[in-house]
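S.K.: Attaching a single structure in C-alpha cells format; questions to follow.
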Amino acid sequence: MPSTVLYTTSYIPQQPRNGTSLRTSRMTKLINDTTTNLTMVANGDTILRPSELCHVVLKTTPENFPKMVEFYLTFLGGEIVHGNHRIKFMTFDHKDHRLAIIAIPGLKHPDPPQSGVGLAHISFGFKNLQELATSYEQKKANGLLPYWCVNHGMTTSMYYHDPDGNGAETQVDNFDTDEESMEYLRSENFAENPIGVDYDPEEFLKRLRSGEDEKEIKKRPNIGTRMTPAPSRVGAEQSP
C-alpha cells in the first residue's frame with residue numbers, strides 16, 4: 001500500500017530572544033507509513049505513534065459540575081467509577097474510565113466560548129514504559145517538553161500543551177488487566193489521592209534504562225492526601 005502524504009502546520013519552539021520564547025509556524029511534510037506504527041517526518045526522523053486514545057477530561061465551574069455529570073451519564077449511558085465533590089470518573093465500557101469531569105473554582109463561562117470551561121486534556125496510550133520513554137525522548141528532540149509528569153496510580157503519565165493551550169497526555173497503564181485498574185480506581189488509596197505523585201522524567205529514564213523492573217517503576221508511592229494538582233499545573237505554559 002502506498003504511503004499517504006499529509007501537510008500540516010506545526011509550531012516549533014525557537015531559542016528565546018531578549019528573554020522571550022518564540023514559536024514559529026512552518027509547513028511540515030508528514031509521510032505516513034501505513035504498514036507500521038511509525039510516522040516519518042520530512043527530515044527523516046521517525047515518531048512512534050500511540051496505541052490508542054484513552055480518555056477525555058472536561059473542566060467546568062463548581063456551579064455547573066452537577067449538570068455536566070448528569071448530562072454525560074445520560075448521554076453516554078455511563079457509570080460513575082469514582083467521584084467526590086470535585087471530580088467524577090465515569091466509564092461506558094470495560095475501561096476503568098473514559099471520561100472525567102472536574103470542578104475548578106474561579107473558572108468562568110467565557111464570551112466568546114472555548115477560552116475557559118471545556119476540554120482539559122486528551123490522553124494517548126502506549127503499550128509499555130519503554131515506548132513512553134521513547135516518545136518522551138523523540139518529543140524532547142523536537143523541542144516538546146512535558147509540563148507535568150505524574151504517576152496517577154492506574155497510569156504513568158506525561159502532560160504536554162498544544163499551541164492552543166489544550167492538554168495532551170501520553171500514558172501507560174500500570175496494571176496488567178482492566179479489572180485490576182478498575183479495582184484500584186475504586187480503592188481507598190485512590191480516594192485519598194485521586195491526583196497522583198509527580199516524578200522527574202529524566203530520573204524516570206535513568207531507572208528504566210538501568211534495567212529496573214517496569215513493575216517497580218509503575219508502583220505509586222504513598223504521599224497521603226492530595227485532592228488537586230499543584231497550582232502551577234493549571235494553565236501552565238509549554239516548556240520552551
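Every chain in the C-alpha cells has a letter given in the order shown (A, B, ...), and although residue numbers restart at 1 in each chain, ligands are simply numbered from 1 in the order shown.
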Please identify all polymer residues within 10 Å of region 120-133 of chain A, counting only C-alpha atoms, omitting same-chain residues fewer than 6 positions from it, and present them as a VMD selection string.
M.R.: chain A and resid 48 to 60 98 to 102 139 155 to 162 165 to 174 201 to 202 204 to 205 208 to 209 214 to 215 217 to 218 234 to 235
S.K.: Going by DSSP on the backbone, which bits of region 181-220 of chain A are helix (DSSP H, G or I)? Write them as an mmCIF file with all heavy atoms, in the first residue's frame, please.
M.R.:
data_model
loop_
_atom_site.group_PDB
_atom_site.id
_atom_site.type_symbol
_atom_site.label_atom_id
_atom_site.label_comp_id
_atom_site.auth_asym_id
_atom_site.auth_seq_id
_atom_site.Cartn_x
_atom_site.Cartn_y
_atom_site.Cartn_z
ATOM 1 N N SER A 181 -7.087 -2.415 37.230
ATOM 2 C CA SER A 181 -7.128 -0.956 37.173
ATOM 3 C C SER A 181 -8.433 -0.428 37.745
ATOM 4 O O SER A 181 -8.451 0.563 38.485
ATOM 5 C CB SER A 181 -6.952 -0.496 35.719
ATOM 6 O OG SER A 181 -6.855 0.906 35.646
ATOM 7 N N MET A 182 -9.542 -1.063 37.392
ATOM 8 C CA MET A 182 -10.845 -0.669 37.918
ATOM 9 C C MET A 182 -10.886 -0.812 39.434
ATOM 10 O O MET A 182 -11.392 0.056 40.151
ATOM 11 C CB MET A 182 -11.938 -1.521 37.284
ATOM 12 C CG MET A 182 -13.355 -1.123 37.661
ATOM 13 S SD MET A 182 -13.949 0.269 36.686
ATOM 14 C CE MET A 182 -14.286 -0.536 35.118
ATOM 15 N N GLU A 183 -10.327 -1.908 39.934
ATOM 16 C CA GLU A 183 -10.284 -2.147 41.379
ATOM 17 C C GLU A 183 -9.482 -1.059 42.079
ATOM 18 O O GLU A 183 -9.869 -0.570 43.152
ATOM 19 C CB GLU A 183 -9.678 -3.527 41.666
ATOM 20 C CG GLU A 183 -9.627 -3.884 43.139
ATOM 21 C CD GLU A 183 -9.038 -5.265 43.387
ATOM 22 O OE1 GLU A 183 -8.751 -5.968 42.390
ATOM 23 O OE2 GLU A 183 -8.851 -5.623 44.567
ATOM 24 N N TYR A 184 -8.368 -0.657 41.470
ATOM 25 C CA TYR A 184 -7.556 0.402 42.075
ATOM 26 C C TYR A 184 -8.308 1.736 42.100
ATOM 27 O O TYR A 184 -8.270 2.475 43.094
ATOM 28 C CB TYR A 184 -6.239 0.569 41.316
ATOM 29 C CG TYR A 184 -5.365 1.653 41.914
ATOM 30 C CD1 TYR A 184 -4.558 1.388 43.017
ATOM 31 C CD2 TYR A 184 -5.387 2.954 41.408
ATOM 32 C CE1 TYR A 184 -3.781 2.380 43.594
ATOM 33 C CE2 TYR A 184 -4.613 3.944 41.971
ATOM 34 C CZ TYR A 184 -3.819 3.656 43.064
ATOM 35 O OH TYR A 184 -3.064 4.661 43.631
ATOM 36 N N LEU A 185 -9.007 2.047 41.001
ATOM 37 C CA LEU A 185 -9.740 3.313 40.917
ATOM 38 C C LEU A 185 -10.817 3.396 41.986
ATOM 39 O O LEU A 185 -11.192 4.493 42.412
ATOM 40 C CB LEU A 185 -10.344 3.475 39.526
ATOM 41 C CG LEU A 185 -10.743 4.887 39.100
ATOM 42 C CD1 LEU A 185 -9.513 5.787 38.993
ATOM 43 C CD2 LEU A 185 -11.481 4.865 37.766
ATOM 44 N N GLU A 188 -9.548 2.716 48.451
ATOM 45 C CA GLU A 188 -9.369 3.794 49.434
ATOM 46 C C GLU A 188 -8.105 4.582 49.129
ATOM 47 O O GLU A 188 -8.040 5.796 49.347
ATOM 48 C CB GLU A 188 -9.312 3.211 50.853
ATOM 49 C CG GLU A 188 -10.629 2.671 51.369
ATOM 50 C CD GLU A 188 -11.673 3.767 51.499
ATOM 51 O OE1 GLU A 188 -11.306 4.912 51.853
ATOM 52 O OE2 GLU A 188 -12.859 3.488 51.223
ATOM 53 N N ASN A 189 -7.079 3.897 48.639
ATOM 54 C CA ASN A 189 -5.816 4.552 48.296
ATOM 55 C C ASN A 189 -6.052 5.639 47.253
ATOM 56 O O ASN A 189 -5.532 6.754 47.367
ATOM 57 C CB ASN A 189 -4.822 3.503 47.779
ATOM 58 C CG ASN A 189 -3.434 4.065 47.544
ATOM 59 O OD1 ASN A 189 -3.239 4.932 46.699
ATOM 60 N ND2 ASN A 189 -2.452 3.564 48.282
ATOM 61 N N PHE A 190 -6.845 5.325 46.221
ATOM 62 C CA PHE A 190 -7.116 6.314 45.178
ATOM 63 C C PHE A 190 -8.040 7.410 45.685
ATOM 64 O O PHE A 190 -7.889 8.580 45.316
ATOM 65 C CB PHE A 190 -7.727 5.638 43.948
ATOM 66 C CG PHE A 190 -7.877 6.563 42.779
ATOM 67 C CD1 PHE A 190 -6.773 6.927 42.015
ATOM 68 C CD2 PHE A 190 -9.114 7.083 42.439
ATOM 69 C CE1 PHE A 190 -6.899 7.800 40.936
ATOM 70 C CE2 PHE A 190 -9.257 7.947 41.362
ATOM 71 C CZ PHE A 190 -8.147 8.310 40.614
ATOM 72 N N ALA A 191 -8.998 7.058 46.533
ATOM 73 C CA ALA A 191 -9.905 8.060 47.089
ATOM 74 C C ALA A 191 -9.137 9.100 47.906
ATOM 75 O O ALA A 191 -9.486 10.282 47.915
ATOM 76 C CB ALA A 191 -10.968 7.384 47.956
ATOM 77 N N GLU A 192 -8.067 8.666 48.589
ATOM 78 C CA GLU A 192 -7.237 9.574 49.380
ATOM 79 C C GLU A 192 -6.433 10.505 48.485
ATOM 80 O O GLU A 192 -6.203 11.671 48.815
ATOM 81 C CB GLU A 192 -6.286 8.767 50.270
ATOM 82 C CG GLU A 192 -5.415 9.629 51.169
ATOM 83 C CD GLU A 192 -4.439 8.815 52.003
ATOM 84 O OE1 GLU A 192 -3.929 7.787 51.493
ATOM 85 O OE2 GLU A 192 -4.193 9.197 53.157
ATOM 86 N N PRO A 201 11.028 13.277 34.751
ATOM 87 C CA PRO A 201 11.139 12.418 33.564
ATOM 88 C C PRO A 201 12.552 11.905 33.310
ATOM 89 O O PRO A 201 12.726 10.793 32.808
ATOM 90 C CB PRO A 201 10.666 13.327 32.425
ATOM 91 C CG PRO A 201 10.866 14.719 32.922
ATOM 92 C CD PRO A 201 10.598 14.636 34.394
ATOM 93 N N GLU A 202 13.567 12.706 33.650
ATOM 94 C CA GLU A 202 14.942 12.263 33.439
ATOM 95 C C GLU A 202 15.313 11.156 34.425
ATOM 96 O O GLU A 202 16.035 10.213 34.078
ATOM 97 C CB GLU A 202 15.908 13.443 33.557
ATOM 98 C CG GLU A 202 15.751 14.474 32.450
ATOM 99 C CD GLU A 202 16.040 13.903 31.069
ATOM 100 O OE1 GLU A 202 16.943 13.044 30.948
ATOM 101 O OE2 GLU A 202 15.367 14.323 30.100
ATOM 102 N N GLU A 203 14.839 11.257 35.652
ATOM 103 C CA GLU A 203 15.067 10.201 36.631
ATOM 104 C C GLU A 203 14.320 8.936 36.207
ATOM 105 O O GLU A 203 14.823 7.816 36.377
ATOM 106 C CB GLU A 203 14.592 10.654 38.013
ATOM 107 C CG GLU A 203 14.796 9.639 39.126
ATOM 108 C CD GLU A 203 16.257 9.283 39.360
ATOM 109 O OE1 GLU A 203 17.141 10.122 39.091
ATOM 110 O OE2 GLU A 203 16.520 8.142 39.810
ATOM 111 N N PHE A 204 13.114 9.122 35.664
ATOM 112 C CA PHE A 204 12.343 8.008 35.113
ATOM 113 C C PHE A 204 13.138 7.283 34.028
ATOM 114 O O PHE A 204 13.210 6.057 34.008
ATOM 115 C CB PHE A 204 11.023 8.554 34.563
ATOM 116 C CG PHE A 204 10.316 7.667 33.586
ATOM 117 C CD1 PHE A 204 9.596 6.557 34.018
ATOM 118 C CD2 PHE A 204 10.340 7.943 32.224
ATOM 119 C CE1 PHE A 204 8.927 5.733 33.114
ATOM 120 C CE2 PHE A 204 9.673 7.145 31.320
ATOM 121 C CZ PHE A 204 8.974 6.020 31.757
ATOM 122 N N LEU A 205 13.780 8.050 33.137
ATOM 123 C CA LEU A 205 14.596 7.455 32.069
ATOM 124 C C LEU A 205 15.769 6.657 32.642
ATOM 125 O O LEU A 205 16.060 5.544 32.185
ATOM 126 C CB LEU A 205 15.131 8.548 31.149
ATOM 127 C CG LEU A 205 14.235 9.074 30.031
ATOM 128 C CD1 LEU A 205 14.982 10.104 29.210
ATOM 129 C CD2 LEU A 205 13.754 7.938 29.145
ATOM 130 N N LYS A 206 16.438 7.219 33.636
ATOM 131 C CA LYS A 206 17.588 6.549 34.234
ATOM 132 C C LYS A 206 17.187 5.211 34.833
ATOM 133 O O LYS A 206 17.880 4.201 34.659
ATOM 134 C CB LYS A 206 18.225 7.444 35.305
ATOM 135 C CG LYS A 206 18.954 8.662 34.762
ATOM 136 C CD LYS A 206 19.532 9.497 35.892
ATOM 137 C CE LYS A 206 20.219 10.749 35.362
ATOM 138 N NZ LYS A 206 20.754 11.591 36.469
ATOM 139 N N ARG A 207 16.068 5.194 35.561
ATOM 140 C CA ARG A 207 15.603 3.956 36.184
ATOM 141 C C ARG A 207 15.269 2.912 35.123
ATOM 142 O O ARG A 207 15.631 1.746 35.239
ATOM 143 C CB ARG A 207 14.373 4.223 37.050
ATOM 144 C CG ARG A 207 14.624 5.095 38.252
ATOM 145 C CD ARG A 207 13.339 5.332 39.033
ATOM 146 N NE ARG A 207 12.815 4.097 39.601
ATOM 147 C CZ ARG A 207 11.634 4.006 40.228
ATOM 148 N NH1 ARG A 207 10.856 5.073 40.332
ATOM 149 N NH2 ARG A 207 11.226 2.845 40.728
ATOM 150 N N LEU A 208 14.601 3.356 34.068
ATOM 151 C CA LEU A 208 14.180 2.442 33.008
ATOM 152 C C LEU A 208 15.373 1.897 32.239
ATOM 153 O O LEU A 208 15.492 0.689 31.990
ATOM 154 C CB LEU A 208 13.216 3.162 32.069
ATOM 155 C CG LEU A 208 12.416 2.320 31.089
ATOM 156 C CD1 LEU A 208 11.527 1.334 31.835
ATOM 157 C CD2 LEU A 208 11.579 3.213 30.193
ATOM 158 N N ARG A 209 16.307 2.800 31.859
ATOM 159 C CA ARG A 209 17.471 2.388 31.066
ATOM 160 C C ARG A 209 18.462 1.549 31.880
ATOM 161 O O ARG A 209 19.292 0.839 31.320
ATOM 162 C CB ARG A 209 18.186 3.621 30.509
ATOM 163 C CG ARG A 209 17.340 4.518 29.619
ATOM 164 C CD ARG A 209 16.683 3.788 28.467
ATOM 165 N NE ARG A 209 16.095 4.717 27.500
ATOM 166 C CZ ARG A 209 14.987 4.484 26.811
ATOM 167 N NH1 ARG A 209 14.341 3.351 26.976
ATOM 168 N NH2 ARG A 209 14.513 5.367 25.962
ATOM 169 N N GLU A 214 9.949 -2.820 35.202
ATOM 170 C CA GLU A 214 8.895 -1.836 34.933
ATOM 171 C C GLU A 214 7.819 -1.853 36.019
ATOM 172 O O GLU A 214 7.230 -0.813 36.345
ATOM 173 C CB GLU A 214 8.260 -2.080 33.561
ATOM 174 C CG GLU A 214 9.124 -1.644 32.392
ATOM 175 C CD GLU A 214 8.325 -1.431 31.123
ATOM 176 O OE1 GLU A 214 7.077 -1.366 31.203
ATOM 177 O OE2 GLU A 214 8.940 -1.301 30.042
ATOM 178 N N LYS A 215 7.530 -3.016 36.583
ATOM 179 C CA LYS A 215 6.505 -3.100 37.615
ATOM 180 C C LYS A 215 6.887 -2.286 38.840
ATOM 181 O O LYS A 215 6.021 -1.713 39.520
ATOM 182 C CB LYS A 215 6.256 -4.562 37.992
ATOM 183 C CG LYS A 215 5.545 -5.364 36.907
ATOM 184 C CD LYS A 215 5.182 -6.764 37.391
ATOM 185 C CE LYS A 215 4.408 -7.519 36.323
ATOM 186 N NZ LYS A 215 4.026 -8.891 36.776
ATOM 187 N N GLU A 216 8.188 -2.232 39.147
ATOM 188 C CA GLU A 216 8.648 -1.440 40.285
ATOM 189 C C GLU A 216 8.521 0.050 39.982
ATOM 190 O O GLU A 216 8.137 0.846 40.839
ATOM 191 C CB GLU A 216 10.096 -1.787 40.620
ATOM 192 C CG GLU A 216 10.272 -3.164 41.218
ATOM 193 C CD GLU A 216 9.495 -3.328 42.521
ATOM 194 O OE1 GLU A 216 9.560 -2.408 43.361
ATOM 195 O OE2 GLU A 216 8.835 -4.369 42.684
ATOM 196 N N ILE A 217 8.840 0.442 38.756
ATOM 197 C CA ILE A 217 8.752 1.854 38.368
ATOM 198 C C ILE A 217 7.295 2.315 38.358
ATOM 199 O O ILE A 217 6.991 3.468 38.674
ATOM 200 C CB ILE A 217 9.388 2.068 36.977
ATOM 201 C CG1 ILE A 217 10.869 1.670 37.020
ATOM 202 C CG2 ILE A 217 9.249 3.523 36.526
ATOM 203 C CD1 ILE A 217 11.559 1.739 35.669
ATOM 204 N N LYS A 218 6.390 1.414 38.017
ATOM 205 C CA LYS A 218 4.967 1.762 37.935
ATOM 206 C C LYS A 218 4.307 1.918 39.298
ATOM 207 O O LYS A 218 3.234 2.525 39.397
ATOM 208 C CB LYS A 218 4.208 0.690 37.139
ATOM 209 C CG LYS A 218 4.491 0.695 35.641
ATOM 210 C CD LYS A 218 3.728 -0.432 34.956
ATOM 211 C CE LYS A 218 3.899 -0.407 33.456
ATOM 212 N NZ LYS A 218 3.182 -1.526 32.809
#
S.K.: Nearest to Thr228 (chain A): which of A:Ser210, A:Asn64, A:Thr74, A:Asn84 is it, counting only C-alpha atoms?
M.R.: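 Nearest candidate to Thr228 (chain A) out of A:Ser210, A:Asn64, A:Thr74, A:Asn84: A:Asn84.
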S.K.: Using only C-alpha atoms, determine which residues lie at most 10 Å from Leu107 (chain A), disregarding the query and same-chain residues fewer than 4 positions distant; provide the list as a PyMOL selection string.
M.R.: chain A and resi 59-63+103+116-117
S.K.: When you look at Glu180 (chain A) with a cut-off of 12 Å (counting only C-alpha atoms), what residues show up, excluding the ones that are within fewer than 6 positions of it in the same chain? I need them as a list in words.
M.R.: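 What passes the distance filter is His94, Lys95, Asp96, Gly153, Met154, Thr155, Asp173, Asn174, Arg186 and Ser187 of chain A.
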S.K.: Save out the residues we just selected, N, CA, C and O atoms, as a compact mmCIF listing (two decimals), in the first residue's frame.
M.R.:
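Writing the result to part_25.txt gives the following:
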# COMPACT_ATOMS: atom_id res chain seq x y z
N HIS A 94 -15.39 -1.49 29.17
CA HIS A 94 -14.55 -2.28 30.06
C HIS A 94 -13.43 -1.48 30.70
O HIS A 94 -12.79 -1.96 31.65
N LYS A 95 -13.12 -0.28 30.21
CA LYS A 95 -12.02 0.51 30.76
C LYS A 95 -12.41 1.13 32.10
O LYS A 95 -13.58 1.38 32.38
N ASP A 96 -11.38 1.41 32.94
CA ASP A 96 -11.68 1.95 34.27
C ASP A 96 -12.34 3.32 34.21
O ASP A 96 -13.16 3.66 35.03
N GLY A 153 -1.36 6.27 39.60
CA GLY A 153 -1.71 5.02 40.26
C GLY A 153 -2.10 3.99 39.23
O GLY A 153 -1.48 2.94 39.11
N MET A 154 -3.14 4.30 38.45
CA MET A 154 -3.54 3.38 37.38
C MET A 154 -2.78 3.64 36.09
O MET A 154 -2.76 2.81 35.19
N THR A 155 -2.11 4.81 35.98
CA THR A 155 -1.29 5.10 34.81
C THR A 155 -0.03 5.86 35.23
O THR A 155 0.01 6.54 36.26
N ASP A 173 -0.68 2.16 31.03
CA ASP A 173 -1.42 1.53 32.12
C ASP A 173 -0.45 0.87 33.09
O ASP A 173 0.49 0.18 32.67
N ASN A 174 -0.68 1.06 34.39
CA ASN A 174 0.20 0.48 35.40
C ASN A 174 -0.17 -0.95 35.79
O ASN A 174 0.62 -1.64 36.43
N ARG A 186 -11.32 2.25 42.41
CA ARG A 186 -12.37 2.20 43.43
C ARG A 186 -11.82 2.02 44.84
O ARG A 186 -12.57 1.89 45.79
N SER A 187 -10.49 2.03 44.98
CA SER A 187 -9.86 1.74 46.26
C SER A 187 -9.80 2.97 47.17
O SER A 187 -9.94 4.11 46.73
S.K.: If I take CA of Ile195 (chain A) and CA of Val150 (chain A), how far is one from the other in Å, to one decimal?
M.R.: 8.4 Å
S.K.: Between A:Asn151, A:Asp164, A:Ile223, A:Glu179, which one has atoms that come closest to Gly196 (chain A), using only C-alpha atoms?
M.R.: A:Asn151
S.K.: Taking only region 48-179 of chain A into account, list the residues labelled strand (DSSP E) by DSSP (computed from the backbone), as a PyMOL selection string.
M.R.: chain A and resi 48+52-60+79-83+87-91+99-103+118-126+148-151+155-161+167-173
